[in-house]
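upload_32.csv (CSV, C-alpha atoms) appears below.
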chain,number,residue,atom,x,y,z
A,3,MET,CA,-15.4,-0.6,-21.6
A,4,PHE,CA,-15.0,1.3,-24.8
A,5,GLU,CA,-11.5,2.0,-26.0
A,6,CYS,CA,-11.4,5.7,-25.1
A,7,GLU,CA,-8.2,7.8,-25.4
A,8,GLY,CA,-7.2,7.3,-21.8
A,9,VAL,CA,-7.7,3.5,-21.7
A,10,ALA,CA,-5.9,3.2,-25.1
A,11,VAL,CA,-2.8,4.8,-23.5
A,12,LEU,CA,-3.1,2.4,-20.5
A,13,ARG,CA,-3.3,-0.5,-22.9
A,14,GLY,CA,-0.1,0.7,-24.5
A,15,LEU,CA,1.7,0.5,-21.1
A,16,GLU,CA,0.6,-3.1,-20.4
A,17,GLY,CA,3.6,-5.5,-20.6
A,18,GLN,CA,6.1,-2.7,-19.9
A,19,LEU,CA,8.3,-2.5,-16.8
A,20,LEU,CA,7.9,0.5,-14.5
A,21,GLN,CA,11.3,1.1,-13.1
A,22,VAL,CA,11.3,3.5,-10.1
A,23,PRO,CA,14.7,4.2,-8.5
A,24,ASP,CA,15.3,4.1,-4.8
A,25,LEU,CA,13.5,7.2,-3.5
A,26,ARG,CA,14.6,6.9,0.1
A,27,PRO,CA,17.3,9.6,-0.2
A,28,ILE,CA,14.6,12.2,-0.8
A,29,TYR,CA,13.2,11.5,2.7
A,30,ALA,CA,16.4,10.6,4.5
A,31,ASN,CA,16.7,13.8,6.5
A,32,TRP,CA,13.0,14.2,7.4
A,33,THR,CA,11.1,13.0,10.5
A,34,SER,CA,9.7,9.5,10.2
A,35,GLY,CA,8.5,6.7,12.4
A,36,LEU,CA,5.4,4.8,13.5
A,37,ASN,CA,3.2,6.2,16.2
A,38,PRO,CA,3.1,3.8,19.3
A,39,HIS,CA,-0.7,4.1,19.3
A,40,CYS,CA,-1.0,2.4,15.9
A,41,ASP,CA,-2.7,-0.8,17.1
A,42,GLU,CA,-5.1,1.2,19.2
A,43,LEU,CA,-5.9,3.5,16.3
A,44,ARG,CA,-6.5,0.6,13.9
A,45,VAL,CA,-9.3,-0.6,16.3
A,46,PHE,CA,-10.7,3.0,16.4
A,47,VAL,CA,-10.8,3.3,12.6
A,48,ASP,CA,-12.5,-0.1,12.1
A,49,GLU,CA,-15.1,0.8,14.8
A,50,ASN,CA,-15.9,4.0,12.9
A,51,ILE,CA,-16.1,2.2,9.6
A,52,ASP,CA,-18.6,-0.2,11.1
A,53,ARG,CA,-20.5,2.7,12.5
A,54,TYR,CA,-20.7,4.9,9.4
A,55,VAL,CA,-20.3,2.7,6.3
A,56,THR,CA,-23.4,0.6,5.5
A,57,ASN,CA,-22.5,-1.2,2.3
A,58,GLU,CA,-20.7,-4.4,3.2
A,59,GLU,CA,-18.4,-4.4,0.2
A,60,VAL,CA,-17.4,-0.8,0.8
A,61,LYS,CA,-16.9,-1.5,4.4
A,62,THR,CA,-14.5,-4.4,3.6
A,63,LYS,CA,-12.5,-2.3,1.1
A,64,THR,CA,-12.2,0.7,3.4
A,65,LYS,CA,-10.9,-1.5,6.2
A,66,ALA,CA,-8.3,-3.0,3.8
A,67,ILE,CA,-6.8,0.5,3.2
A,68,ASP,CA,-5.5,0.4,6.8
A,69,LEU,CA,-5.9,4.1,7.6
A,70,GLY,CA,-4.9,3.5,11.2
A,71,TRP,CA,-1.5,2.6,9.9
A,72,PHE,CA,-1.4,5.4,7.3
A,73,THR,CA,-2.2,8.0,10.0
A,74,SER,CA,0.3,6.5,12.5
A,75,LEU,CA,3.0,6.7,9.8
A,76,SER,CA,2.1,10.3,9.0
A,77,TYR,CA,2.1,11.6,12.6
A,78,PRO,CA,4.5,9.4,14.7
A,79,SER,CA,4.6,11.7,17.7
A,80,ALA,CA,1.0,12.8,17.9
A,81,GLU,CA,-1.1,12.1,21.0
A,82,ILE,CA,-4.0,9.7,20.7
A,83,GLU,CA,-6.7,12.4,20.6
A,84,GLN,CA,-5.1,14.2,17.7
A,85,LEU,CA,-4.2,10.9,16.0
A,86,GLU,CA,-7.8,9.8,16.1
A,87,THR,CA,-8.9,13.2,14.6
A,88,MET,CA,-6.5,12.9,11.7
A,89,ALA,CA,-7.7,9.3,11.1
A,90,LEU,CA,-11.3,10.5,11.0
A,91,ILE,CA,-10.6,13.1,8.3
A,92,SER,CA,-8.6,10.5,6.3
A,93,LEU,CA,-11.8,8.3,6.5
A,94,VAL,CA,-13.8,11.2,5.1
A,95,PHE,CA,-11.5,11.8,2.2
A,96,PHE,CA,-10.9,8.1,1.2
A,97,ILE,CA,-14.5,7.1,1.4
A,98,PHE,CA,-15.8,10.2,-0.5
A,99,ASP,CA,-13.1,9.9,-3.2
A,100,ASP,CA,-13.7,6.2,-3.7
A,101,THR,CA,-17.4,6.9,-3.9
A,102,ILE,CA,-16.9,9.3,-6.8
A,103,ASP,CA,-14.0,7.4,-8.4
A,104,LYS,CA,-14.9,3.7,-8.3
A,105,GLU,CA,-18.0,1.8,-9.3
A,106,ILE,CA,-19.1,-0.7,-6.7
A,107,ASP,CA,-21.0,-2.8,-9.3
A,108,HIS,CA,-20.6,-2.2,-13.1
A,109,GLU,CA,-24.3,-3.2,-13.6
A,110,THR,CA,-25.7,-0.8,-11.1
A,111,PRO,CA,-25.7,3.0,-11.6
A,112,ASP,CA,-24.0,4.8,-8.8
A,113,PHE,CA,-22.2,8.1,-8.1
A,114,ALA,CA,-19.1,7.0,-10.0
A,115,SER,CA,-21.0,6.6,-13.2
A,116,ASP,CA,-23.7,9.3,-12.7
A,117,PHE,CA,-22.2,12.8,-12.8
A,118,ASP,CA,-25.5,14.5,-12.0
A,119,ALA,CA,-26.0,12.3,-8.9
A,120,ALA,CA,-22.4,13.0,-7.9
A,121,THR,CA,-23.0,16.7,-8.3
A,122,LYS,CA,-25.9,16.6,-5.9
A,123,LEU,CA,-23.8,14.6,-3.5
A,124,ARG,CA,-21.0,17.2,-3.7
A,125,GLN,CA,-23.5,20.0,-3.0
A,126,ALA,CA,-24.9,18.1,0.0
A,127,ALA,CA,-21.5,17.3,1.4
A,128,ILE,CA,-20.4,21.0,1.2
A,129,ALA,CA,-23.6,22.1,2.9
A,130,TYR,CA,-23.3,19.5,5.6
A,131,MET,CA,-19.6,20.3,6.1
A,132,ARG,CA,-20.2,24.0,6.6
A,133,TYR,CA,-23.2,23.4,8.8
A,134,GLN,CA,-21.1,21.1,11.1
A,135,PHE,CA,-18.3,23.7,11.3
A,136,PHE,CA,-20.5,26.8,11.7
A,137,GLN,CA,-23.7,25.3,13.2
A,138,GLY,CA,-26.1,27.0,10.8
A,139,ARG,CA,-24.5,30.4,10.7
A,140,ASN,CA,-23.7,32.2,7.5
A,141,GLY,CA,-26.8,31.0,5.7
A,142,PHE,CA,-26.1,27.2,5.7
A,143,MET,CA,-29.5,26.3,7.0
A,144,SER,CA,-32.6,26.2,4.8
A,145,ASN,CA,-36.1,26.5,6.2
A,146,GLY,CA,-34.7,26.4,9.7
A,147,GLN,CA,-33.6,22.8,9.3
A,148,PRO,CA,-30.0,21.4,9.3
A,149,PRO,CA,-28.9,20.0,5.9
A,150,ARG,CA,-29.3,16.2,5.3
A,151,VAL,CA,-26.4,13.9,6.2
A,152,PRO,CA,-25.0,12.3,3.0
A,153,GLN,CA,-24.2,8.7,4.0
A,154,GLU,CA,-21.0,8.9,1.9
A,155,PHE,CA,-19.8,11.9,4.1
A,156,ALA,CA,-21.3,10.8,7.4
A,157,THR,CA,-17.9,10.3,9.1
A,158,PHE,CA,-17.4,14.1,8.9
A,159,GLU,CA,-19.7,14.6,12.0
A,160,ALA,CA,-17.2,12.8,14.3
A,161,PHE,CA,-14.3,14.8,12.9
A,162,ALA,CA,-16.1,18.1,13.1
A,163,SER,CA,-17.1,17.7,16.7
A,164,ARG,CA,-13.4,17.4,17.6
A,165,VAL,CA,-12.0,20.3,15.6
A,166,ILE,CA,-14.6,22.9,16.6
A,167,THR,CA,-13.6,22.4,20.3
A,168,ALA,CA,-9.9,22.5,19.7
A,169,ALA,CA,-7.8,25.0,21.6
A,170,PRO,CA,-8.3,28.6,20.3
A,171,GLY,CA,-6.0,29.6,17.6
A,172,GLN,CA,-4.9,26.1,16.6
A,173,ILE,CA,-7.3,25.6,13.7
A,174,ASP,CA,-8.5,28.3,11.3
A,175,LEU,CA,-12.0,26.8,10.6
A,176,SER,CA,-12.7,29.1,7.7
A,177,ARG,CA,-9.5,28.1,5.9
A,178,LEU,CA,-10.1,24.4,6.8
A,179,ALA,CA,-13.6,24.6,5.3
A,180,ASP,CA,-12.3,26.2,2.1
A,181,ASP,CA,-9.6,23.4,1.9
A,182,ILE,CA,-12.2,20.7,2.3
A,183,GLN,CA,-14.6,22.4,-0.2
A,184,GLU,CA,-11.7,22.5,-2.7
A,185,PHE,CA,-11.3,18.8,-2.3
A,186,ILE,CA,-15.0,18.1,-2.9
A,187,GLU,CA,-15.3,20.4,-5.9
A,188,ALA,CA,-12.1,19.1,-7.5
A,189,THR,CA,-13.6,15.6,-7.8
A,190,ALA,CA,-16.0,17.0,-10.4
A,191,LEU,CA,-13.2,18.0,-12.7
A,192,GLU,CA,-11.5,14.6,-12.3
A,193,GLN,CA,-14.8,12.8,-12.8
A,194,THR,CA,-15.5,14.8,-16.0
A,195,HIS,CA,-12.3,13.5,-17.6
A,196,ARG,CA,-12.8,10.0,-16.4
A,197,LEU,CA,-16.4,9.7,-17.7
A,198,SER,CA,-15.6,11.3,-21.0
A,199,GLY,CA,-12.7,9.0,-21.6
A,200,SER,CA,-10.5,12.0,-22.5
A,201,LEU,CA,-7.1,12.7,-21.0
A,202,PRO,CA,-6.5,16.1,-19.5
A,203,SER,CA,-3.5,18.1,-20.5
A,204,THR,CA,-0.8,18.3,-17.8
A,205,GLU,CA,-1.8,21.9,-17.2
A,206,ASP,CA,-5.5,20.9,-16.7
A,207,TYR,CA,-4.4,18.0,-14.5
A,208,TRP,CA,-2.8,20.4,-12.0
A,209,THR,CA,-6.0,22.5,-11.9
A,210,TYR,CA,-7.7,19.8,-9.9
A,211,ARG,CA,-5.0,17.4,-8.6
A,212,HIS,CA,-4.0,19.4,-5.5
A,213,GLY,CA,-7.7,19.6,-4.6
A,214,VAL,CA,-8.4,15.9,-5.1
A,215,GLY,CA,-5.2,15.0,-3.3
A,216,ALA,CA,-6.6,16.6,-0.2
A,217,VAL,CA,-3.2,17.4,1.4
A,218,PHE,CA,-4.1,21.1,2.2
A,219,PRO,CA,-6.6,20.2,4.9
A,220,TYR,CA,-3.9,18.1,6.6
A,221,CYS,CA,-1.5,21.0,6.4
A,222,THR,CA,-4.1,23.4,8.0
A,223,LEU,CA,-4.3,21.0,10.9
A,224,HIS,CA,-0.6,20.8,11.6
A,225,GLN,CA,-0.7,23.1,14.6
A,226,TYR,CA,-3.5,21.1,16.0
A,227,VAL,CA,-1.7,17.8,15.4
A,228,ASN,CA,1.1,18.9,17.8
A,229,ASN,CA,-1.1,20.9,20.2
A,230,ILE,CA,0.7,24.1,19.5
A,231,ARG,CA,-0.2,27.6,18.4
A,232,LEU,CA,2.1,29.8,16.3
A,233,PRO,CA,1.8,33.5,15.8
A,234,ASP,CA,-0.3,34.2,12.7
A,235,ASP,CA,2.6,36.0,10.9
A,236,LEU,CA,4.5,32.7,11.1
A,237,ALA,CA,1.6,30.2,10.7
A,238,TRP,CA,0.5,31.7,7.4
A,239,CYS,CA,3.7,33.3,6.1
A,240,ASP,CA,5.0,32.9,2.5
A,241,GLU,CA,7.3,30.1,3.7
A,242,VAL,CA,4.4,28.1,5.0
A,243,ARG,CA,2.5,28.6,1.7
A,244,VAL,CA,5.5,27.0,-0.1
A,245,MET,CA,5.7,24.2,2.4
A,246,ARG,CA,2.0,23.5,1.8
A,247,ILE,CA,2.4,23.3,-1.9
A,248,GLU,CA,5.4,21.1,-1.9
A,249,ALA,CA,4.0,18.8,0.8
A,250,SER,CA,1.2,18.3,-1.6
A,251,PHE,CA,3.1,18.2,-4.9
A,252,GLN,CA,5.8,15.7,-3.9
A,253,PRO,CA,3.5,13.0,-2.5
A,254,LEU,CA,1.2,13.4,-5.5
A,255,LEU,CA,4.0,12.6,-7.9
A,256,CYS,CA,5.0,9.6,-5.7
A,257,ASN,CA,1.4,8.4,-5.6
A,258,ASP,CA,1.2,8.5,-9.4
A,259,LEU,CA,4.3,6.4,-9.8
A,260,TYR,CA,3.4,3.7,-7.3
A,261,SER,CA,-0.3,3.6,-8.1
A,262,LEU,CA,0.2,3.2,-11.9
A,263,LYS,CA,-0.2,-0.6,-11.9
A,264,LYS,CA,-3.4,-0.4,-9.8
A,265,GLU,CA,-4.9,2.2,-12.1
A,266,ILE,CA,-4.1,0.2,-15.2
A,267,LYS,CA,-5.9,-2.7,-13.7
A,268,GLU,CA,-8.9,-0.4,-12.8
A,269,ASN,CA,-8.9,1.4,-16.2
A,270,THR,CA,-8.5,4.8,-14.5
A,271,PRO,CA,-6.1,6.8,-16.6
A,272,THR,CA,-6.3,10.1,-14.7
A,273,ASN,CA,-2.7,9.6,-13.6
A,274,LEU,CA,0.1,11.9,-14.5
A,275,VAL,CA,2.2,9.2,-16.2
A,276,PRO,CA,-0.1,8.3,-19.0
A,277,ILE,CA,-1.1,11.9,-19.4
A,278,MET,CA,2.5,13.0,-19.9
A,279,ILE,CA,3.1,10.0,-22.3
A,280,ALA,CA,0.1,10.9,-24.4
A,281,GLU,CA,1.0,14.6,-24.4
A,282,SER,CA,4.7,14.2,-25.2
A,283,GLY,CA,5.0,10.9,-27.0
A,284,ARG,CA,8.0,10.1,-24.8
A,285,SER,CA,8.9,6.7,-23.3
A,286,LEU,CA,7.8,5.5,-19.9
A,287,ASP,CA,11.4,5.6,-18.6
A,288,SER,CA,11.8,9.2,-19.7
A,289,ILE,CA,8.6,10.2,-17.9
A,290,VAL,CA,9.6,8.4,-14.7
A,291,HIS,CA,13.0,10.1,-14.8
A,292,GLU,CA,11.4,13.5,-15.1
A,293,LEU,CA,8.9,12.9,-12.3
A,294,VAL,CA,11.7,11.7,-10.0
A,295,GLU,CA,13.7,14.8,-10.7
A,296,LYS,CA,10.7,16.9,-9.9
A,297,MET,CA,10.3,15.0,-6.6
A,298,TYR,CA,13.9,15.9,-5.6
A,299,SER,CA,13.3,19.5,-6.7
A,300,SER,CA,10.1,19.7,-4.6
A,301,ALA,CA,11.9,18.4,-1.5
A,302,GLY,CA,14.6,21.0,-2.0
A,303,LYS,CA,12.1,23.8,-2.2
A,304,PHE,CA,10.4,22.5,0.9
A,305,ASP,CA,13.7,22.4,2.9
A,306,THR,CA,14.6,25.9,1.8
A,307,ALA,CA,11.2,27.2,2.9
A,308,ALA,CA,11.5,25.3,6.2
A,309,ALA,CA,15.0,26.8,6.9
A,310,SER,CA,13.7,30.3,6.2
A,311,LEU,CA,10.8,29.7,8.6
A,312,ARG,CA,13.2,28.6,11.3
A,313,ALA,CA,15.2,31.8,10.6
A,314,LYS,CA,12.1,33.9,11.1
A,315,GLY,CA,11.6,32.2,14.4
A,316,CYS,CA,14.9,33.5,15.8
A,317,ARG,CA,13.3,36.7,16.9
A,318,TYR,CA,10.8,34.8,19.1
A,319,ASP,CA,11.3,33.0,22.4
A,320,ASP,CA,12.3,29.4,22.9
A,321,THR,CA,8.7,28.2,23.1
A,322,VAL,CA,7.8,29.5,19.7
A,323,ARG,CA,11.1,28.2,18.2
A,324,GLU,CA,10.3,24.7,19.5
A,325,SER,CA,6.7,25.0,18.2
A,326,ILE,CA,8.2,25.9,14.7
A,327,ASN,CA,10.3,22.8,14.8
A,328,MET,CA,7.3,20.6,15.7
A,329,PHE,CA,5.2,22.3,13.0
A,330,ILE,CA,7.9,21.6,10.3
A,331,LYS,CA,8.3,18.0,11.5
A,332,ALA,CA,4.6,17.4,11.0
A,333,PHE,CA,5.0,18.4,7.3
A,334,GLU,CA,8.0,16.2,7.1
A,335,SER,CA,6.5,13.1,8.7
A,336,PHE,CA,3.3,13.5,6.6
A,337,GLN,CA,5.5,13.2,3.4
A,338,THR,CA,7.6,10.3,4.7
A,339,GLY,CA,4.4,8.6,5.9
A,340,CYS,CA,2.8,8.9,2.5
A,341,PHE,CA,5.9,7.5,0.9
A,342,LYS,CA,6.0,4.4,3.2
A,343,PHE,CA,2.3,3.9,2.7
A,344,PHE,CA,2.5,4.0,-1.1
A,345,MET,CA,5.3,1.5,-1.1
A,346,ASN,CA,3.9,-1.0,1.3
A,347,SER,CA,0.1,-0.6,1.2
A,348,ARG,CA,-2.1,-3.5,-0.1
A,349,ARG,CA,-4.1,-0.7,-1.8
A,350,PHE,CA,-1.2,-0.2,-4.3
A,351,GLY,CA,0.1,-3.8,-4.3
A,352,VAL,CA,3.7,-3.1,-5.3
A,353,ARG,CA,5.6,-4.3,-2.2
A,354,GLU,CA,6.7,-7.5,-3.8
A,355,TYR,CA,8.5,-5.7,-6.6
A,356,GLU,CA,11.1,-4.0,-4.3
A,357,GLN,CA,14.7,-4.7,-5.3
A,358,GLU,CA,17.6,-5.1,-2.9
A,359,ASP,CA,18.8,-1.6,-3.7
A,360,GLY,CA,15.5,0.0,-2.8
A,361,SER,CA,14.3,0.5,-6.3
A,362,TYR,CA,11.1,-1.0,-7.8
A,363,ILE,CA,10.7,-2.9,-11.0
A,364,ILE,CA,6.9,-3.2,-11.5
A,365,PRO,CA,5.5,-5.2,-14.4
A,366,LEU,CA,2.5,-3.4,-15.8
So, in terms of structure tokens, how does the structure I just supplied come out?
Amino acid sequence: MFECEGVAVLRGLEGQLLQVPDLRPIYANWTSGLNPHCDELRVFVDENIDRYVTNEEVKTKTKAIDLGWFTSLSYPSAEIEQLETMALISLVFFIFDDTIDKEIDHETPDFASDFDAATKLRQAAIAYMRYQFFQGRNGFMSNGQPPRVPQEFATFEAFASRVITAAPGQIDLSRLADDIQEFIEATALEQTHRLSGSLPSTEDYWTYRHGVGAVFPYCTLHQYVNNIRLPDDLAWCDEVRVMRIEASFQPLLCNDLYSLKKEIKENTPTNLVPIMIAESGRSLDSIVHELVEKMYSSAGKFDTAAASLRAKGCRYDDTVRESINMFIKAFESFQTGCFKFFMNSRRFGVREYEQEDGSYIIPL
């Protein structure tokens, strides 16, 4: 690979030590746990990978992610039906993102290396997603035929069939469709930087990172996860908008810390750490310190918004107040679940670098 700007920054990080302090205090007061259906869900996820993923190498790598465990960490109190649904959307996001982001074979052109082909895939995925949600209404059928099923998005069918039959009022399908489309379209901006070899500015990074992170669709499903329905003036109030942003922002920062070693190995510099180093000229330790401070700040903003949402619920009955608590806990457990997944997943491969005090010293 040619020595582009981004890879050059990564090379400059090789041999350094990434020192991440103990981040557990950020999550100490939030809901966490492991869903008792975890083993059952793992079987369900592997069965769907076998059903929808045809490439054997991709199949093996997707199973190794352990999305059954990730989903069980994220939603420890969900019933099995909701848990399976969230695992299916996780499959959609991880498979599609890896298709755009990682070459299977360096010698063979694929979506990761061919932007035009990836653009057609994105267009096909959006058309298929909206057709599945709205069954051909709103002009998402051409010539009276349903859109083709992109193999790299095929798991979406199983997910869509569940959410379109959810209890009325639990899922705003239009909002969910917009969230998923934002994810799909955001991969184009990230791919542009990756293929060009140029690093985005921090400002440009955040124009696509929330979309690629795909947290917003999970947030839109948080009533469904708990089988509850909140009044619209609570479910989509300003406090919830803040909770959505922070529930995305904080795990994204955490991800970029724990995934740095992996991304150096894979020569994928679209990570906030090398971007900030290149932009500011500051040291690795200085950037890590700033990102950790931002994580604490984000958690504080989330807690403030959640407290305000609970206060708004005081004028409602006990059922609504309990639903608010369950709703907030879904946001909390999603963030704690991501944290545990990043630390312990084989995908990131940093578990062995944990210190006795909970910090991590990771050789790059």
**Prompt:** Suppose you want the space between CA of Ile173 (chain A) and CA of Ser250 (chain A); what is it in Å?
**Reply:** 19.0 Å
**Request:** Tell me which of A:Gln252, A:Thr73, A:Asn346, A:Thr209 sits closest to Tyr298 (chain A), counting only C-alpha atoms.
**Result:**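 Among the listed residues, the smallest separation from Tyr298 (chain A) belongs to A:Gln252.
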**Asked** Do you know which residues are at most 9 Å from region 53-61 of chain A counting all atoms listed in the file, after dropping those on the same chain fewer than 5 positions away, and could you put them as a list in words?
**Response**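 Using all atoms listed in the file, the neighbours found are Asp48, Ala66, Ile97, Ile106, Gln153, Glu154, Phe155, Ala156 and Thr157 of chain A.
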**Request:** Would you please work out which residue, of A:Glu83, A:Asp174, A:Asp100, A:Glu187, is nearest to Ala127 (chain A) when using only C-alpha atoms?
**Result:**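 The shortest atom-to-atom distance to Ala127 (chain A) comes from A:Glu187.
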**Asked** Nearest to Thr194 (chain A) among A:Leu178, A:Val227, A:Ala120, A:Leu259, with distances taken over all atoms listed in the file: which residue is it?
**Response**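 Using all atoms listed in the file, Thr194 (chain A) sits closest to A:Ala120.
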Do you know which residues are at most 12 Å from Ala30 (chain A) counting all atoms listed in the file, after dropping those on the same chain fewer than 3 positions away, and could you put them as a PDB file with C-alpha atoms, in the frame of the given file?
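Done, and the output landed in around.pdb:
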ATOM      1  CA  ASP A  24      15.300   4.100  -4.800  1.00  0.00           C
ATOM      2  CA  LEU A  25      13.500   7.200  -3.500  1.00  0.00           C
ATOM      3  CA  ARG A  26      14.600   6.900   0.100  1.00  0.00           C
ATOM      4  CA  PRO A  27      17.300   9.600  -0.200  1.00  0.00           C
ATOM      5  CA  THR A  33      11.100  13.000  10.500  1.00  0.00           C
ATOM      6  CA  SER A  34       9.700   9.500  10.200  1.00  0.00           C
ATOM      7  CA  GLY A  35       8.500   6.700  12.400  1.00  0.00           C
ATOM      8  CA  TYR A 298      13.900  15.900  -5.600  1.00  0.00           C
ATOM      9  CA  ALA A 301      11.900  18.400  -1.500  1.00  0.00           C
ATOM     10  CA  GLU A 334       8.000  16.200   7.100  1.00  0.00           C
ATOM     11  CA  SER A 335       6.500  13.100   8.700  1.00  0.00           C
ATOM     12  CA  GLN A 337       5.500  13.200   3.400  1.00  0.00           C
ATOM     13  CA  THR A 338       7.600  10.300   4.700  1.00  0.00           C
ATOM     14  CA  PHE A 341       5.900   7.500   0.900  1.00  0.00           C
TER      15      PHE A 341
END
**Complete:** Min atom-atom distance to Cys221 (chain A) from the set A:Trp238, A:Phe344, A:Tyr133, A:Tyr318, counting only C-alpha atoms, belongs to A:Trp238
**Request:** Would you mind listing what lies within 12 Å of Ser163 (chain A) as a list in words, with only C-alpha atoms counted and same-chain residues fewer than 3 positions away left out?
**Result:**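 Near neighbours after the sequence-gap exclusion: Thr87, Leu90, Ile91, Met131, Tyr133, Gln134, Phe135, Phe136, Gln137, Thr157, Phe158, Glu159, Ala160, Ile166, Thr167 and Ala168 of chain A.
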**Asked** Which one is closest to Thr204 (chain A): A:Ile182, A:Ile277, A:Ala308, A:Cys256? Count only C-alpha atoms.
**Response**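 Among the listed residues, A:Ile277 lies closest to Thr204 (chain A).
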**Message:** As an exercise, work out the distance from CA of Pro253 (chain A) to CA of Ile266 (chain A) in Å and give it to one decimal place.
**Reply:**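 It comes out at 19.6 Å.
Rounded to one decimal, CA of Asp320 (chain A) and CA of Phe336 (chain A) lie 24.5 Å from each other.
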**Message:** Can you pull out the residues contacting Gln125 (chain A)? Cut-off 12 Å, using only C-alpha atoms, and skip same-chain residues under 5 positions away; I want them as a PyMOL selection string.
**Reply:** chain A and resi 118-120+130-132+142+149-152+155+183+186-187+189-190
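When only C-alpha atoms are used to compute distances to Asn50 (chain A), the closest of the residues A:Gly70, A:Pro38, A:Pro271, A:Pro219 turns out to be A:Gly70.
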Which protein, DNA or RNA residues are at most 9 Å from (-10.2, 6.7, -12.5) in the file's coordinates when you count only C-alpha atoms, listed as a PDB file with C-alpha atoms, in the frame of the given file?
ATOM      1  CA  ASP A 103     -14.000   7.400  -8.400  1.00  0.00           C
ATOM      2  CA  LYS A 104     -14.900   3.700  -8.300  1.00  0.00           C
ATOM      3  CA  GLU A 192     -11.500  14.600 -12.300  1.00  0.00           C
ATOM      4  CA  GLN A 193     -14.800  12.800 -12.800  1.00  0.00           C
ATOM      5  CA  HIS A 195     -12.300  13.500 -17.600  1.00  0.00           C
ATOM      6  CA  ARG A 196     -12.800  10.000 -16.400  1.00  0.00           C
ATOM      7  CA  LEU A 197     -16.400   9.700 -17.700  1.00  0.00           C
ATOM      8  CA  GLU A 265      -4.900   2.200 -12.100  1.00  0.00           C
ATOM      9  CA  GLU A 268      -8.900  -0.400 -12.800  1.00  0.00           C
ATOM     10  CA  ASN A 269      -8.900   1.400 -16.200  1.00  0.00           C
ATOM     11  CA  THR A 270      -8.500   4.800 -14.500  1.00  0.00           C
ATOM     12  CA  PRO A 271      -6.100   6.800 -16.600  1.00  0.00           C
ATOM     13  CA  THR A 272      -6.300  10.100 -14.700  1.00  0.00           C
ATOM     14  CA  ASN A 273      -2.700   9.600 -13.600  1.00  0.00           C
TER      15      ASN A 273
END
Please, could N, CA and C atoms be added to region 248-260 of chain A and the result written as a short mmCIF file (atom, residue, chain, number, x, y, z; two decimals), in the coordinates of the input?
data_model
loop_
_atom_site.label_atom_id
_atom_site.label_comp_id
_atom_site.auth_asym_id
_atom_site.auth_seq_id
_atom_site.Cartn_x
_atom_site.Cartn_y
_atom_site.Cartn_z
N GLU A 248 4.50 22.19 -1.62
CA GLU A 248 5.40 21.10 -1.90
C GLU A 248 5.06 19.83 -1.09
N ALA A 249 4.45 19.99 0.08
CA ALA A 249 4.00 18.80 0.80
C ALA A 249 2.82 18.14 0.14
N SER A 250 2.18 18.85 -0.78
CA SER A 250 1.20 18.30 -1.60
C SER A 250 1.75 17.73 -2.92
N PHE A 251 2.58 18.54 -3.57
CA PHE A 251 3.10 18.20 -4.90
C PHE A 251 3.95 16.93 -4.88
N GLN A 252 4.86 16.82 -3.93
CA GLN A 252 5.80 15.70 -3.90
C GLN A 252 5.09 14.36 -3.64
N PRO A 253 4.18 14.24 -2.66
CA PRO A 253 3.50 13.00 -2.50
C PRO A 253 2.55 12.64 -3.68
N LEU A 254 2.02 13.65 -4.35
CA LEU A 254 1.20 13.40 -5.50
C LEU A 254 1.95 12.73 -6.63
N LEU A 255 3.17 13.20 -6.86
CA LEU A 255 4.00 12.60 -7.90
C LEU A 255 4.36 11.14 -7.44
N CYS A 256 4.70 10.96 -6.19
CA CYS A 256 5.00 9.60 -5.70
C CYS A 256 3.83 8.70 -5.81
N ASN A 257 2.65 9.20 -5.48
CA ASN A 257 1.40 8.40 -5.60
C ASN A 257 1.23 7.96 -7.07
N ASP A 258 1.43 8.85 -8.01
CA ASP A 258 1.20 8.50 -9.40
C ASP A 258 2.17 7.49 -9.95
N LEU A 259 3.34 7.43 -9.37
CA LEU A 259 4.30 6.40 -9.80
C LEU A 259 3.87 5.03 -9.20
N TYR A 260 3.66 4.97 -7.89
CA TYR A 260 3.40 3.70 -7.30
C TYR A 260 1.98 3.16 -7.52
#
